[in-house]
>>> print(open('query-v3.tsv').read())   # TSV, C-alpha atoms and all ligand atoms
chain	number	residue	atom	x	y	z
I	279	MET	CA	-19.45	-24.98	-2.82
I	280	GLU	CA	-22.60	-22.86	-2.99
I	281	TYR	CA	-20.83	-19.57	-2.36
I	282	GLN	CA	-23.63	-17.39	-3.72
I	283	ALA	CA	-26.21	-18.92	-1.39
I	284	ILE	CA	-23.79	-18.68	1.54
I	285	LEU	CA	-23.12	-14.98	0.88
I	286	GLU	CA	-26.83	-14.26	0.72
I	287	GLU	CA	-27.43	-16.08	4.00
I	288	ILE	CA	-24.62	-14.13	5.64
I	289	ALA	CA	-25.98	-10.78	4.42
I	290	GLU	CA	-29.28	-11.70	6.05
I	291	ASP	CA	-27.66	-12.92	9.29
I	292	VAL	CA	-25.52	-9.81	9.82
I	293	ARG	CA	-28.30	-7.34	9.01
I	294	PRO	CA	-28.90	-6.51	12.72
I	295	LEU	CA	-25.22	-5.49	13.05
I	296	VAL	CA	-25.08	-3.26	9.98
I	297	GLY	CA	-25.25	0.35	11.15
I	298	LYS	CA	-23.76	-0.53	14.56
I	299	GLY	CA	-20.28	0.60	15.60
I	300	GLN	CA	-18.52	3.85	14.82
I	301	VAL	CA	-17.13	5.29	11.62
I	302	ALA	CA	-13.53	6.50	11.81
I	303	ASP	CA	-14.28	10.09	12.73
I	304	TYR	CA	-10.67	11.18	13.12
I	305	ILE	CA	-10.60	11.39	9.32
I	306	PRO	CA	-13.48	13.84	8.63
I	307	LYS	CA	-14.09	12.58	5.10
I	308	LEU	CA	-14.57	9.01	6.39
I	309	ALA	CA	-16.97	10.22	9.07
I	310	ALA	CA	-19.34	11.20	6.27
I	311	VAL	CA	-19.70	7.64	4.89
I	312	PRO	CA	-23.21	6.19	5.47
I	313	LEU	CA	-23.18	3.54	8.19
I	314	ASP	CA	-25.82	1.35	6.58
I	315	ARG	CA	-23.68	-0.28	3.89
I	316	PHE	CA	-22.82	-3.96	3.68
I	317	ALA	CA	-21.07	-5.80	0.89
I	318	MET	CA	-19.20	-9.05	0.44
I	319	ALA	CA	-17.46	-10.64	-2.53
I	320	VAL	CA	-15.57	-13.85	-3.20
I	321	GLN	CA	-13.04	-14.42	-5.96
I	322	THR	CA	-11.95	-18.03	-6.41
I	323	VAL	CA	-8.52	-19.02	-7.72
I	324	ASP	CA	-10.29	-20.69	-10.63
I	325	GLY	CA	-11.80	-17.41	-11.75
I	326	LYS	CA	-15.31	-17.28	-10.34
I	327	THR	CA	-16.79	-14.19	-8.67
I	328	TYR	CA	-19.67	-14.15	-6.19
I	329	ALA	CA	-21.08	-11.03	-4.57
I	330	VAL	CA	-23.83	-9.72	-2.33
I	331	GLY	CA	-24.95	-6.25	-1.19
I	332	ASP	CA	-23.20	-3.05	-2.28
I	333	ALA	CA	-20.33	-5.08	-3.71
I	334	ARG	CA	-19.66	-2.76	-6.64
I	335	GLU	CA	-19.68	0.43	-4.59
I	336	ARG	CA	-16.18	1.79	-4.01
I	337	PHE	CA	-15.01	2.76	-0.54
I	338	SER	CA	-11.79	3.89	1.09
I	339	ILE	CA	-9.61	0.80	1.50
I	340	GLN	CA	-7.34	2.54	4.02
I	341	SER	CA	-4.90	0.13	5.70
I	342	ILE	CA	-5.79	-2.75	3.39
I	343	SER	CA	-3.47	-0.91	0.96
I	344	LYS	CA	-0.57	-1.83	3.28
I	345	VAL	CA	-0.61	-5.35	1.85
I	346	PHE	CA	0.17	-3.92	-1.59
I	347	THR	CA	2.89	-1.56	-0.38
I	348	LEU	CA	4.49	-4.41	1.58
I	349	THR	CA	4.33	-6.66	-1.51
I	350	MET	CA	6.05	-3.99	-3.59
I	351	ALA	CA	8.73	-3.34	-0.97
I	352	LEU	CA	9.43	-7.06	-0.58
I	353	LYS	CA	9.86	-7.39	-4.33
I	354	ALA	CA	11.97	-4.25	-4.57
I	355	VAL	CA	14.51	-4.78	-1.78
I	356	GLY	CA	14.07	-8.35	-0.54
I	357	GLU	CA	13.36	-9.70	2.93
I	358	GLU	CA	16.69	-9.03	4.52
I	359	ALA	CA	16.80	-5.30	3.83
I	360	LEU	CA	13.12	-4.91	4.65
I	361	PHE	CA	13.11	-6.71	7.98
I	362	GLN	CA	16.16	-4.90	9.26
I	363	ARG	CA	13.93	-1.85	9.48
I	364	VAL	CA	10.59	-3.26	10.55
I	365	GLY	CA	9.69	-6.24	12.73
I	366	ARG	CA	7.20	-9.04	12.28
I	367	GLU	CA	5.52	-9.46	15.62
I	368	PRO	CA	2.00	-8.44	16.57
I	369	SER	CA	2.08	-5.14	18.46
I	370	GLY	CA	-0.74	-5.64	20.96
I	371	THR	CA	-1.25	-1.89	20.77
I	372	PRO	CA	-3.61	0.24	18.65
I	373	PHE	CA	-2.59	0.73	15.02
I	374	ASN	CA	-1.58	4.35	15.53
I	375	SER	CA	0.20	3.95	18.86
I	376	LEU	CA	3.50	5.73	19.53
I	377	VAL	CA	4.60	4.07	22.75
I	378	GLN	CA	6.48	1.00	21.50
I	379	LEU	CA	8.58	3.01	19.08
I	380	GLU	CA	10.39	4.78	21.89
I	381	TYR	CA	11.66	1.72	23.69
I	382	GLU	CA	12.18	-0.31	20.53
I	383	ASP	CA	14.51	2.29	18.99
I	384	GLY	CA	12.34	3.37	16.11
I	385	ILE	CA	11.90	-0.13	14.64
I	386	PRO	CA	8.14	-0.62	14.26
I	387	ARG	CA	6.78	-3.97	15.38
I	388	ASN	CA	5.33	-4.95	11.99
I	389	PRO	CA	4.58	-3.55	8.53
I	390	PHE	CA	0.83	-3.19	9.14
I	391	ILE	CA	0.68	-0.81	12.08
I	392	ASN	CA	0.94	2.79	10.88
I	393	ALA	CA	4.56	3.17	11.98
I	394	GLY	CA	5.60	0.04	10.06
I	395	ALA	CA	3.68	1.06	6.96
I	396	ILE	CA	5.45	4.44	7.05
I	397	VAL	CA	8.83	2.67	7.02
I	398	VAL	CA	7.65	0.48	4.12
I	399	ASP	CA	6.62	3.65	2.28
I	400	ASP	CA	10.05	5.13	2.88
I	401	ILE	CA	11.53	2.05	1.19
I	402	LEU	CA	9.22	2.61	-1.80
I	403	VAL	CA	10.11	6.32	-1.99
I	404	SER	CA	13.80	5.32	-2.19
I	405	ALA	CA	13.19	2.46	-4.64
I	406	PHE	CA	10.83	4.07	-7.18
I	407	PRO	CA	11.21	7.44	-8.92
I	408	ARG	CA	7.39	7.81	-8.89
I	409	PRO	CA	6.16	5.54	-6.13
I	410	ARG	CA	2.55	6.73	-6.28
I	411	ASN	CA	2.30	5.89	-9.96
I	412	ALA	CA	4.04	2.57	-9.45
I	413	LEU	CA	1.61	1.62	-6.68
I	414	LEU	CA	-1.44	2.70	-8.65
I	415	GLY	CA	-0.23	0.73	-11.67
I	416	PHE	CA	0.24	-2.34	-9.48
I	417	PHE	CA	-3.21	-1.98	-7.93
I	418	ARG	CA	-4.84	-1.52	-11.34
I	419	GLN	CA	-3.08	-4.60	-12.61
I	420	LEU	CA	-4.24	-6.68	-9.62
I	421	THR	CA	-7.84	-5.49	-9.78
I	422	GLY	CA	-7.92	-5.68	-13.58
I	423	GLU	CA	-9.61	-2.26	-13.47
I	424	ASP	CA	-7.89	0.80	-14.83
I	425	THR	CA	-10.42	3.14	-13.22
I	426	VAL	CA	-9.51	2.37	-9.59
I	427	ASP	CA	-7.79	5.42	-8.16
I	428	TYR	CA	-6.71	7.48	-5.20
I	429	ASP	CA	-9.39	9.68	-3.67
I	430	PRO	CA	-7.72	13.10	-3.38
I	431	VAL	CA	-10.39	14.40	-1.00
I	432	VAL	CA	-9.78	11.56	1.48
I	433	ALA	CA	-6.00	11.96	1.12
I	434	ARG	CA	-6.30	15.70	1.82
I	435	SER	CA	-8.56	15.08	4.80
I	436	GLU	CA	-6.03	12.63	6.24
I	437	ALA	CA	-3.13	14.96	5.63
I	438	ASP	CA	-4.97	17.81	7.35
I	439	TYR	CA	-5.74	15.71	10.41
I	440	GLY	CA	-2.78	13.31	10.32
I	441	PHE	CA	-1.24	14.55	13.54
I	442	ARG	CA	-0.39	11.12	14.90
I	443	ASN	CA	1.00	9.86	11.60
I	444	ARG	CA	3.14	12.97	11.32
I	445	ALA	CA	4.35	12.39	14.88
I	446	LEU	CA	5.15	8.75	14.09
I	447	ALA	CA	7.09	9.65	10.94
I	448	ASN	CA	9.12	12.33	12.69
I	449	PHE	CA	9.81	10.03	15.59
I	450	ILE	CA	11.03	7.26	13.26
I	451	ARG	CA	13.19	9.77	11.44
I	452	SER	CA	14.76	10.79	14.77
I	453	PHE	CA	15.89	7.16	15.12
I	454	GLU	CA	17.32	7.35	11.58
I	455	ASN	CA	14.94	4.73	10.31
I	456	LEU	CA	13.58	7.02	7.59
I	457	GLU	CA	15.79	7.91	4.62
I	458	ASN	CA	13.53	10.44	2.93
I	459	GLU	CA	11.81	13.66	3.87
I	460	VAL	CA	8.89	13.08	6.24
I	461	ASP	CA	6.51	14.95	3.91
I	462	ARG	CA	7.39	12.87	0.86
I	463	VAL	CA	6.89	9.63	2.76
I	464	LEU	CA	3.62	10.79	4.31
I	465	SER	CA	2.28	11.97	1.00
I	466	LEU	CA	2.63	8.39	-0.30
I	467	TYR	CA	1.11	7.06	2.94
I	468	PHE	CA	-1.96	9.32	2.76
I	469	ALA	CA	-2.34	8.57	-0.94
I	470	HIS	CA	-2.42	4.79	-0.60
I	471	CYS	CA	-4.73	4.94	2.40
I	472	SER	CA	-7.13	6.88	0.14
I	473	LEU	CA	-7.29	4.19	-2.56
I	474	ALA	CA	-10.91	3.44	-3.34
I	475	ALA	CA	-12.15	0.05	-4.53
I	476	SER	CA	-15.23	-2.13	-4.29
I	477	CYS	CA	-15.45	-5.53	-2.60
I	478	VAL	CA	-15.42	-7.25	-6.00
I	479	GLU	CA	-12.23	-5.38	-6.93
I	480	LEU	CA	-10.62	-6.02	-3.55
I	481	ALA	CA	-11.34	-9.73	-3.65
I	482	ARG	CA	-9.81	-9.85	-7.12
I	483	SER	CA	-6.73	-7.93	-5.99
I	484	PHE	CA	-6.05	-10.42	-3.17
I	485	VAL	CA	-6.49	-13.59	-5.16
I	486	PHE	CA	-2.77	-13.75	-6.07
I	487	LEU	CA	-2.06	-14.33	-2.37
I	488	ALA	CA	-4.66	-17.09	-2.19
I	489	ASN	CA	-3.02	-18.60	-5.29
I	490	HIS	CA	0.46	-18.72	-3.69
I	491	GLY	CA	1.80	-15.61	-5.42
I	492	LEU	CA	0.59	-16.30	-8.96
I	493	CYS	CA	-2.18	-14.05	-10.25
I	494	PRO	CA	-4.71	-16.48	-11.74
I	495	THR	CA	-6.36	-13.86	-13.94
I	496	THR	CA	-3.24	-12.49	-15.66
I	497	GLY	CA	-1.00	-15.56	-15.24
I	498	GLU	CA	1.66	-13.25	-13.81
I	499	ARG	CA	3.85	-14.32	-10.90
I	500	VAL	CA	3.54	-11.46	-8.41
I	501	LEU	CA	5.43	-13.14	-5.56
I	502	THR	CA	7.25	-16.42	-5.07
I	503	ARG	CA	5.34	-19.08	-3.20
I	504	SER	CA	7.48	-18.47	-0.15
I	505	GLN	CA	6.98	-14.68	-0.24
I	506	ALA	CA	3.21	-15.14	-0.56
I	507	LYS	CA	3.29	-17.41	2.47
I	508	ARG	CA	5.20	-14.80	4.44
I	509	ILE	CA	2.79	-11.98	3.61
I	510	SER	CA	-0.15	-14.21	4.49
I	511	ALA	CA	1.53	-15.09	7.80
I	512	LEU	CA	1.93	-11.39	8.59
I	513	MET	CA	-1.74	-10.83	7.81
I	514	MET	CA	-2.64	-13.66	10.14
I	515	THR	CA	-0.50	-12.34	13.01
I	516	CYS	CA	-0.68	-8.57	12.49
I	517	GLY	CA	-3.44	-7.75	9.97
I	518	THR	CA	-6.21	-6.79	12.37
I	519	TYR	CA	-4.17	-4.92	14.98
I	520	ASP	CA	-4.68	-5.54	18.67
I	521	ALA	CA	-7.74	-7.67	17.90
I	522	VAL	CA	-5.67	-10.12	15.89
I	523	GLY	CA	-5.92	-12.97	18.42
I	524	GLU	CA	-9.67	-12.64	18.66
I	525	PHE	CA	-9.95	-12.39	14.88
I	526	ALA	CA	-7.90	-15.57	14.38
I	527	TYR	CA	-10.06	-17.28	17.00
I	528	LEU	CA	-13.33	-16.22	15.41
I	529	VAL	CA	-12.44	-16.22	11.71
I	530	GLY	CA	-9.27	-18.27	11.28
I	531	LEU	CA	-8.02	-16.60	8.10
I	532	PRO	CA	-5.15	-14.30	7.16
I	533	ALA	CA	-6.80	-10.90	6.74
I	534	LYS	CA	-6.15	-7.19	6.53
I	535	SER	CA	-8.58	-4.58	7.73
I	536	GLY	CA	-8.90	-0.83	7.16
I	537	VAL	CA	-10.68	1.93	9.04
I	538	GLY	CA	-12.89	2.49	5.99
I	539	GLY	CA	-14.68	-0.68	7.15
I	540	GLY	CA	-13.18	-3.06	4.63
I	541	ILE	CA	-11.51	-6.41	5.39
I	542	SER	CA	-9.79	-8.64	2.82
I	543	ALA	CA	-9.01	-12.24	3.69
I	544	THR	CA	-7.74	-15.31	1.87
I	545	ILE	CA	-8.19	-19.02	2.05
I	546	PRO	CA	-4.90	-20.26	0.60
I	547	GLY	CA	-5.41	-22.44	-2.47
I	548	GLU	CA	-9.09	-21.53	-2.69
I	549	LEU	CA	-10.21	-17.92	-2.74
I	550	ALA	CA	-10.04	-14.32	-1.61
I	551	VAL	CA	-12.97	-12.78	0.20
I	552	ALA	CA	-13.63	-9.08	0.82
I	553	VAL	CA	-16.23	-7.53	3.04
I	554	TRP	CA	-17.24	-3.93	3.71
I	555	SER	CA	-19.38	-2.34	6.38
I	556	PRO	CA	-18.27	1.06	7.72
I	557	GLY	CA	-19.24	0.63	11.42
I	558	LEU	CA	-16.06	-0.25	13.36
I	559	ASN	CA	-15.45	-2.02	16.66
I	560	LYS	CA	-13.11	-0.48	19.21
I	561	SER	CA	-10.00	-1.97	17.57
I	562	GLY	CA	-10.85	-0.27	14.27
I	563	ASN	CA	-12.06	-3.41	12.46
I	564	SER	CA	-15.45	-3.57	10.75
I	565	LEU	CA	-18.02	-4.91	13.19
I	566	ALA	CA	-20.45	-6.52	10.73
I	567	GLY	CA	-17.50	-7.39	8.48
I	568	THR	CA	-15.77	-9.43	11.19
I	569	LYS	CA	-19.02	-11.26	11.93
I	570	ALA	CA	-19.59	-11.91	8.22
I	571	LEU	CA	-16.15	-13.49	7.88
I	572	GLU	CA	-16.70	-15.56	10.99
I	573	LEU	CA	-19.96	-16.83	9.48
I	574	PHE	CA	-18.19	-17.46	6.17
I	575	THR	CA	-15.65	-19.86	7.66
I	576	THR	CA	-18.32	-21.45	9.86
I	577	LYS	CA	-20.80	-22.00	7.04
I	578	THR	CA	-18.25	-23.15	4.45
I	579	GLY	CA	-16.34	-25.20	7.01
I	580	ILE	CA	-13.05	-24.01	5.51
I	581	SER	CA	-10.36	-21.91	7.16
I	582	VAL	CA	-6.61	-22.33	7.46
I	583	PHE	CA	-7.12	-24.59	10.47
I	601	LIG	N1	-5.27	6.10	7.16
I	601	LIG	C1	-5.48	5.51	8.43
I	601	LIG	C2	-4.52	6.09	9.44
I	601	LIG	O1	-3.43	6.35	9.08
I	601	LIG	C3	-5.29	4.03	8.29
I	601	LIG	C4	-5.55	3.30	9.56
I	601	LIG	C5	-6.27	2.02	9.34
I	601	LIG	O2	-6.94	1.79	8.32
I	601	LIG	N2	-6.25	1.18	10.34
I	601	LIG	O3	-4.80	6.32	10.58
>>> encode(input="query-v3.tsv", output="structure tokens", more="lines below")
Ligand code: GLN
Amino acid sequence: MEYQAILEEIAEDVRPLVGKGQVADYIPKLAAVPLDRFAMAVQTVDGKTYAVGDARERFSIQSISKVFTLTMALKAVGEEALFQRVGREPSGTPFNSLVQLEYEDGIPRNPFINAGAIVVDDILVSAFPRPRNALLGFFRQLTGEDTVDYDPVVARSEADYGFRNRALANFIRSFENLENEVDRVLSLYFAHCSLAASCVELARSFVFLANHGLCPTTGERVLTRSQAKRISALMMTCGTYDAVGEFAYLVGLPAKSGVGGGISATIPGELAVAVWSPGLNKSGNSLAGTKALELFTTKTGISVF
């Protein structure tokens, strides 16, 4: 497949959309990111990398990090313990919504909405003596880059304005679905949302999922085949929030988005693809990024369907 030519065509096609949409202004540091960026990268399971645009520029991966925290929690405590505390259904509500938690007794709908990710972080705080270091080590191993890091300025900005996340964590704790101090859990949450990586690094870090749990670059088994399938299924059904149906309709790939404007997706057995453009649609997914992925599955003719 001529991936390089396809990426270049896509970059051209989406140009009118780049700069449209809104940056996530509820996190002041993210509001300062220039709107005019676009990048896309592909990492194939057989080790090839293709890229276009600002694909080596690092950005805030935000909720995309929730795939890595979920992977670690699944490995650490297993499915049964994990899914007693968090569901696996799409929420149909915005990613930072509080309403469902009240009538569903503090059990978040899925691990990718903020409430669910906070519960996953609580599991990591209980399971690892230094969860932040463990997560960073894992992310460095997956990207193959030991310079990827948290962005302390973004983390601080989120902590200062994280009123809803603080409300969610306290609410969950009131239902006794949080074992650790709210502040300790949130400090991990704000840290992993601040992870910065480029599209090339993100595509590389997702390729283990495309390769059924086995990292093709290091040869290490990150997840069993079945676990990789389950995480991919959750991405498909919950990875792009209340736009997940539309995203599946348009793109047809398991994917995870973040309010930094990044989206990572996989084509099982083939490749991981990452895209970045900071302008968001009203569901908090990258506007040009969603279009680029739609064009990618249309032009290549491959999706999970
Ligand atoms: N850090 C963001 C928040 O907690 C993550 C949300 C997202 O990327 N969708 O609100």
>>> closest_residue(input="query-v3.tsv", among="I:Thr495, I:Gln300, I:Thr322, I:Ser435", to="ligand LIG 601 (chain I)", atoms="all atoms listed in the file")
I:Ser435
>>> closest_residue(input="query-v3.tsv", among="I:Glu548, I:Thr515, I:Ser338, I:Ser452", to="Ala310 in chain I", atoms="all atoms listed in the file")
I:Ser338
>>> closest_atom_pairs(input="query-v3.tsv", of="chain I", to="ligand LIG 601 (chain I)", cutoff="10 Å", atoms="only C-alpha atoms and all ligand atoms", output="Markdown table")
| residue | atom | partner | partner_atom | distance |
| --- | --- | --- | --- | --- |
| I:Ala302 | CA | I:LIG601 | C1 | 8.8 |
| I:Tyr304 | CA | I:LIG601 | O3 | 8.0 |
| I:Ile305 | CA | I:LIG601 | O3 | 7.8 |
| I:Leu308 | CA | I:LIG601 | N1 | 9.8 |
| I:Ser338 | CA | I:LIG601 | O2 | 9.0 |
| I:Ile339 | CA | I:LIG601 | O2 | 7.4 |
| I:Gln340 | CA | I:LIG601 | O2 | 4.4 |
| I:Ser341 | CA | I:LIG601 | O2 | 3.7 |
| I:Ile342 | CA | I:LIG601 | O2 | 6.8 |
| I:Ser343 | CA | I:LIG601 | O2 | 8.6 |
| I:Lys344 | CA | I:LIG601 | O2 | 8.9 |
| I:Pro372 | CA | I:LIG601 | N2 | 8.8 |
| I:Phe373 | CA | I:LIG601 | N2 | 6.0 |
| I:Asn374 | CA | I:LIG601 | O3 | 6.2 |
| I:Ser375 | CA | I:LIG601 | O3 | 10.0 |
| I:Phe390 | CA | I:LIG601 | N2 | 8.4 |
| I:Ile391 | CA | I:LIG601 | N2 | 7.4 |
| I:Asn392 | CA | I:LIG601 | O1 | 5.9 |
| I:Ala393 | CA | I:LIG601 | O1 | 9.1 |
| I:Ala395 | CA | I:LIG601 | O1 | 9.1 |
| I:Ile396 | CA | I:LIG601 | O1 | 9.3 |
| I:Val432 | CA | I:LIG601 | N1 | 9.1 |
| I:Ala433 | CA | I:LIG601 | N1 | 8.4 |
| I:Ser435 | CA | I:LIG601 | N1 | 9.9 |
| I:Glu436 | CA | I:LIG601 | N1 | 6.6 |
| I:Ala437 | CA | I:LIG601 | N1 | 9.2 |
| I:Tyr439 | CA | I:LIG601 | O3 | 9.4 |
| I:Gly440 | CA | I:LIG601 | O1 | 7.1 |
| I:Phe441 | CA | I:LIG601 | O3 | 9.4 |
| I:Arg442 | CA | I:LIG601 | O3 | 7.8 |
| I:Asn443 | CA | I:LIG601 | O1 | 6.2 |
| I:Arg444 | CA | I:LIG601 | O1 | 9.6 |
| I:Leu464 | CA | I:LIG601 | O1 | 9.6 |
| I:Tyr467 | CA | I:LIG601 | O1 | 7.7 |
| I:Phe468 | CA | I:LIG601 | N1 | 6.4 |
| I:Ala469 | CA | I:LIG601 | N1 | 9.0 |
| I:His470 | CA | I:LIG601 | N1 | 8.4 |
| I:Cys471 | CA | I:LIG601 | N1 | 4.9 |
| I:Ser472 | CA | I:LIG601 | N1 | 7.3 |
| I:Gly517 | CA | I:LIG601 | N2 | 9.4 |
| I:Thr518 | CA | I:LIG601 | N2 | 8.2 |
| I:Tyr519 | CA | I:LIG601 | N2 | 7.9 |
| I:Lys534 | CA | I:LIG601 | O2 | 9.2 |
| I:Ser535 | CA | I:LIG601 | O2 | 6.6 |
| I:Gly536 | CA | I:LIG601 | O2 | 3.5 |
| I:Val537 | CA | I:LIG601 | O2 | 3.8 |
| I:Gly538 | CA | I:LIG601 | O2 | 6.4 |
| I:Gly539 | CA | I:LIG601 | O2 | 8.2 |
| I:Gly540 | CA | I:LIG601 | O2 | 8.7 |
| I:Ile541 | CA | I:LIG601 | O2 | 9.8 |
| I:Ser561 | CA | I:LIG601 | N2 | 8.7 |
| I:Gly562 | CA | I:LIG601 | N2 | 6.2 |
| I:Asn563 | CA | I:LIG601 | N2 | 7.7 |
>>> closest_residue(input="query-v3.tsv", among="I:Val431, I:Val301, I:Val292, I:Val364", to="Asn559 in chain I", atoms="all atoms listed in the file")
I:Val301
>>> atom_distance(input="query-v3.tsv", atom1="CA of Ile545 in chain I", atom2="CA of Ala488 in chain I")
5.8 Å
>>> closest_residue(input="query-v3.tsv", among="I:Leu456, I:Leu480, I:Ala475, I:Ala570", to="Ala289 in chain I", atoms="only C-alpha atoms")
I:Ala570
>>> atom_distance(input="query-v3.tsv", atom1="CA of Ala543 in chain I", atom2="CA of Asp399 in chain I")
22.3 Å
>>> decode(input="query-v3.tsv", residues="range 516-538 of chain I", atoms="N, CA and C atoms", output="PDB file, in the first residue's frame")
ATOM      1  N   CYS I 516     -16.165   3.187  23.040  1.00  0.00           N
ATOM      2  CA  CYS I 516     -16.126   4.276  24.035  1.00  0.00           C
ATOM      3  C   CYS I 516     -14.999   5.278  23.818  1.00  0.00           C
ATOM      4  N   GLY I 517     -14.175   5.111  22.798  1.00  0.00           N
ATOM      5  CA  GLY I 517     -12.936   5.896  22.683  1.00  0.00           C
ATOM      6  C   GLY I 517     -13.102   7.324  22.226  1.00  0.00           C
ATOM      7  N   THR I 518     -14.262   7.647  21.634  1.00  0.00           N
ATOM      8  CA  THR I 518     -14.427   9.022  21.155  1.00  0.00           C
ATOM      9  C   THR I 518     -15.705   9.651  21.742  1.00  0.00           C
ATOM     10  N   TYR I 519     -15.997   9.204  22.972  1.00  0.00           N
ATOM     11  CA  TYR I 519     -17.069   9.822  23.774  1.00  0.00           C
ATOM     12  C   TYR I 519     -18.440   9.749  23.123  1.00  0.00           C
ATOM     13  N   ASP I 520     -19.216  10.818  23.259  1.00  0.00           N
ATOM     14  CA  ASP I 520     -20.591  10.738  22.771  1.00  0.00           C
ATOM     15  C   ASP I 520     -20.667  10.884  21.255  1.00  0.00           C
ATOM     16  N   ALA I 521     -19.500  10.933  20.592  1.00  0.00           N
ATOM     17  CA  ALA I 521     -19.522  10.926  19.126  1.00  0.00           C
ATOM     18  C   ALA I 521     -19.112   9.561  18.596  1.00  0.00           C
ATOM     19  N   VAL I 522     -19.117   8.559  19.485  1.00  0.00           N
ATOM     20  CA  VAL I 522     -18.503   7.281  19.120  1.00  0.00           C
ATOM     21  C   VAL I 522     -19.255   6.572  17.977  1.00  0.00           C
ATOM     22  N   GLY I 523     -20.580   6.734  17.951  1.00  0.00           N
ATOM     23  CA  GLY I 523     -21.362   6.110  16.876  1.00  0.00           C
ATOM     24  C   GLY I 523     -21.031   6.740  15.537  1.00  0.00           C
ATOM     25  N   GLU I 524     -21.002   8.051  15.535  1.00  0.00           N
ATOM     26  CA  GLU I 524     -20.668   8.792  14.315  1.00  0.00           C
ATOM     27  C   GLU I 524     -19.243   8.473  13.861  1.00  0.00           C
ATOM     28  N   PHE I 525     -18.354   8.360  14.809  1.00  0.00           N
ATOM     29  CA  PHE I 525     -16.949   8.073  14.487  1.00  0.00           C
ATOM     30  C   PHE I 525     -16.826   6.676  13.868  1.00  0.00           C
ATOM     31  N   ALA I 526     -17.534   5.701  14.453  1.00  0.00           N
ATOM     32  CA  ALA I 526     -17.498   4.344  13.892  1.00  0.00           C
ATOM     33  C   ALA I 526     -18.089   4.346  12.485  1.00  0.00           C
ATOM     34  N   TYR I 527     -19.139   5.122  12.309  1.00  0.00           N
ATOM     35  CA  TYR I 527     -19.798   5.220  11.003  1.00  0.00           C
ATOM     36  C   TYR I 527     -18.854   5.828   9.967  1.00  0.00           C
ATOM     37  N   LEU I 528     -18.190   6.907  10.346  1.00  0.00           N
ATOM     38  CA  LEU I 528     -17.335   7.608   9.383  1.00  0.00           C
ATOM     39  C   LEU I 528     -15.990   6.933   9.189  1.00  0.00           C
ATOM     40  N   VAL I 529     -15.390   6.482  10.309  1.00  0.00           N
ATOM     41  CA  VAL I 529     -14.001   6.000  10.252  1.00  0.00           C
ATOM     42  C   VAL I 529     -13.929   4.473  10.274  1.00  0.00           C
ATOM     43  N   GLY I 530     -14.672   3.858  11.200  1.00  0.00           N
ATOM     44  CA  GLY I 530     -14.685   2.390  11.239  1.00  0.00           C
ATOM     45  C   GLY I 530     -13.439   1.767  11.837  1.00  0.00           C
ATOM     46  N   LEU I 531     -12.820   2.461  12.800  1.00  0.00           N
ATOM     47  CA  LEU I 531     -11.636   1.899  13.459  1.00  0.00           C
ATOM     48  C   LEU I 531     -11.727   2.116  14.969  1.00  0.00           C
ATOM     49  N   PRO I 532     -11.144   1.178  15.751  1.00  0.00           N
ATOM     50  CA  PRO I 532     -10.996   1.468  17.178  1.00  0.00           C
ATOM     51  C   PRO I 532     -10.057   2.648  17.338  1.00  0.00           C
ATOM     52  N   ALA I 533     -10.418   3.611  18.174  1.00  0.00           N
ATOM     53  CA  ALA I 533      -9.620   4.834  18.270  1.00  0.00           C
ATOM     54  C   ALA I 533      -9.781   5.456  19.640  1.00  0.00           C
ATOM     55  N   LYS I 534      -8.807   6.267  20.013  1.00  0.00           N
ATOM     56  CA  LYS I 534      -8.922   7.042  21.253  1.00  0.00           C
ATOM     57  C   LYS I 534      -8.493   8.466  20.971  1.00  0.00           C
ATOM     58  N   SER I 535      -9.351   9.390  21.401  1.00  0.00           N
ATOM     59  CA  SER I 535      -9.060  10.800  21.148  1.00  0.00           C
ATOM     60  C   SER I 535      -8.652  11.502  22.445  1.00  0.00           C
ATOM     61  N   GLY I 536      -8.113  12.703  22.305  1.00  0.00           N
ATOM     62  CA  GLY I 536      -7.781  13.538  23.464  1.00  0.00           C
ATOM     63  C   GLY I 536      -8.086  14.990  23.141  1.00  0.00           C
ATOM     64  N   VAL I 537      -8.341  15.790  24.162  1.00  0.00           N
ATOM     65  CA  VAL I 537      -8.687  17.191  23.896  1.00  0.00           C
ATOM     66  C   VAL I 537      -7.488  18.047  23.473  1.00  0.00           C
ATOM     67  N   GLY I 538      -6.301  17.441  23.417  1.00  0.00           N
ATOM     68  CA  GLY I 538      -5.158  18.131  22.808  1.00  0.00           C
ATOM     69  C   GLY I 538      -5.248  18.110  21.284  1.00  0.00           C
TER      70      GLY I 538
END
